[in-house]
Each structure stands twice: as structure tokens, then as C-alpha cells.
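S.K.: Just passing along the structure, written as C-alpha cells.
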Amino acid sequence: MNCGPGLATPTLRGISPEQYHSFRSLQEVFLSDNPIPNFDLGLALDNYVYGHPYPIETESVIQLLATVPSSILAAMALDFSFTPIVKLPMEERIKRLQEWKHSSLGLKRGVYAILRQISFFLLSSDKEYQKFVGYIQ
């Protein structure tokens, strides 16, 4: 696996361990100020993909996007690097994603925006977050 040694992986039903760790690495950047202490972006992605009662087109797209942070091929294509995002220290991960955000290349900006939007969508779908903001009792 591309995500680094010693990382515990919970039981997953809809995504791979690599996809789980990819989204956990994004959580550390995109949701660093998350008010829900036990929120797990990897598990939220797994529940989202597994929880649909019928196959949806976006499921395969989301699973493909979930591999981007751990993909050496994506690192080479987007950053001319052999080190995927999940293997970078936190500061370097933030720096690389900020470079994507401000890149003149539309593909980098697009992947950044989509991954960030998926992360916030998954957080906003969490029941604890909905309670926190007062949507539900």
C-alpha cells in the first residue's frame, strides 16, 4: 500500500484501504479545524460509497478521485514528483495542495476543488455535524 507503514485501517465495505488512507490524509489538511472530534473522513467516504441502495455513476468517479493522494502516477503527472501526497509530512502536504489550488493548470485546480468539496460534503452529511450546527436535535 502507498499510504505509509503502521496506519490502522478499520473494517471497510465500499472502498479500499488505500482510498481510506488517502481521505484521512486530506482530512488533516482540509478539515484541520473540524469541530467534530471523532469524525473520520475515510469512514465517511466508505459509508457514502457503500450506503447507496443502487449503483450510481458518481461512485466510480469518487473512488477514482480517492486514489489521487496516494497515486505515484498522479504525483508524477501533477507535480513531477515520485512522492504521493499521503507520504509527505503535513507541512509539505499543505504546501503541495496549496500549489494545486493556485496553479495555472486547470486540472490541478479542478482536482483540488473536487477533493475539497467532497471532504466538506462528507463532513456536512455526518449526523454529529448536523447536530452541532443545529439542523437536527
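By order in the C-alpha cells, chains are A, B, ...; within a chain, residues start at 1; ligands start at 1, following the order shown.
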Got a sec: who's within 12 Å of segment 78-94 of chain A, counting only C-alpha atoms, leaving out chain neighbours fewer than 3 positions off, as a ChimeraX atom specification?
M.R.: /A:1-5,7,18-32,66-75,97-101,103-112
S.K.: Run DSSP on the backbone and grab whatever in segment 15-137 of chain A lands in helix (DSSP H, G or I); send it over as a ChimeraX atom specification.
M.R.: /A:17-30,41-51,57-65,68-70,72-79,85-87,90-101,106-125,127-132
S.K.: Kindly indicate which residue among A:Ala8, A:Leu65, A:Leu123, A:Leu115 lies nearest to Asp33 of chain A, using only C-alpha atoms for the distances.
M.R.: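 The shortest atom-to-atom distance to Asp33 of chain A comes from A:Leu123.
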